[in-house]
Amino acid sequence: MAEMLEKVTKILTDADENEDGKTTKEEFAQHRGEMFSKLDRNDDGVINRKDKPKGPIRKKKYSEALNAVLPQFDKDLDGTITRVEWNTMERDPFALLDANGDGAIEKSEIPSPEMLEGAGL
């Protein structure tokens with residue numbers, strides 16, 4: 001759970017375009033779009049194994065990353081992630097993390113591992 005929170009915190013920090021300490025929905029959406037474009041290395045509009053970079057170390061890292069995101073985003077289980085699949089989230093991270101409802105997520109709104117354990121998660 002702590003590893004997942006670290007990843008979420010890093011994504012939100014990276015998405016904070018104006019570096020004001022909070023990430024808006026717009027900043028998050030833009031960052032997700034940029035992530036898709038980086039993963040779609042051959043610019044064919046889908047993320048799949050054809051996007052693997054050259055070189056054994058990069059191929060391995062890309063394969064690991066792809067294997068991690070495929071189950072989350074590949075809704076039709078065809079081995080590819082389209083931009084529509086990428087942008088369709090089952091849960092809105094802002095509804096889950098924007099505790100004060102101001103349309104932005106601050107680091108203070110991300111629950112600590114201890115809080116999650118106390119909640120039985």
# chains A, B, ... in the order shown; residues from 1 in each chain; ligands from 1
>>> select_by_dssp(residues="chain A", states="strand (DSSP E)", output="list in words")
Lys22, Thr23, Thr24, Val46, Ile47, Ile81, Thr82, Ala104, Ile105 and Glu106 of chain A
>>> select_by_dssp(residues="chain A", states="alpha helix (DSSP H)", output="ChimeraX atom specification")
/A:2-15,25-39,56-73,83-87,93-97,113-118
>>> closest_residue(among="A:Asp20, A:Asp14, A:Glu106, A:Glu90", to="Met35 in chain A", atoms="only C-alpha atoms")
A:Asp14
>>> closest_residue(among="A:Glu27, A:Asn48, A:Phe73, A:Leu66", to="Thr88 in chain A", atoms="only C-alpha atoms")
A:Phe73
>>> residues_around(residues="Phe94 in chain A", least_positions_apart="3", cutoff="10 Å", atoms="only C-alpha atoms", output="PyMOL selection string")
chain A and resi 23-25+28+91+97-99+101-105
>>> closest_residue(among="A:His31, A:Gly45, A:Glu26, A:Ser37", to="Thr13 in chain A", atoms="only C-alpha atoms")
A:His31
>>> residues_around(residues="Lys52 in chain A", least_positions_apart="4", cutoff="10 Å", atoms="only C-alpha atoms", output="ChimeraX atom specification")
/A:39-42,47-48,56,58-63,66
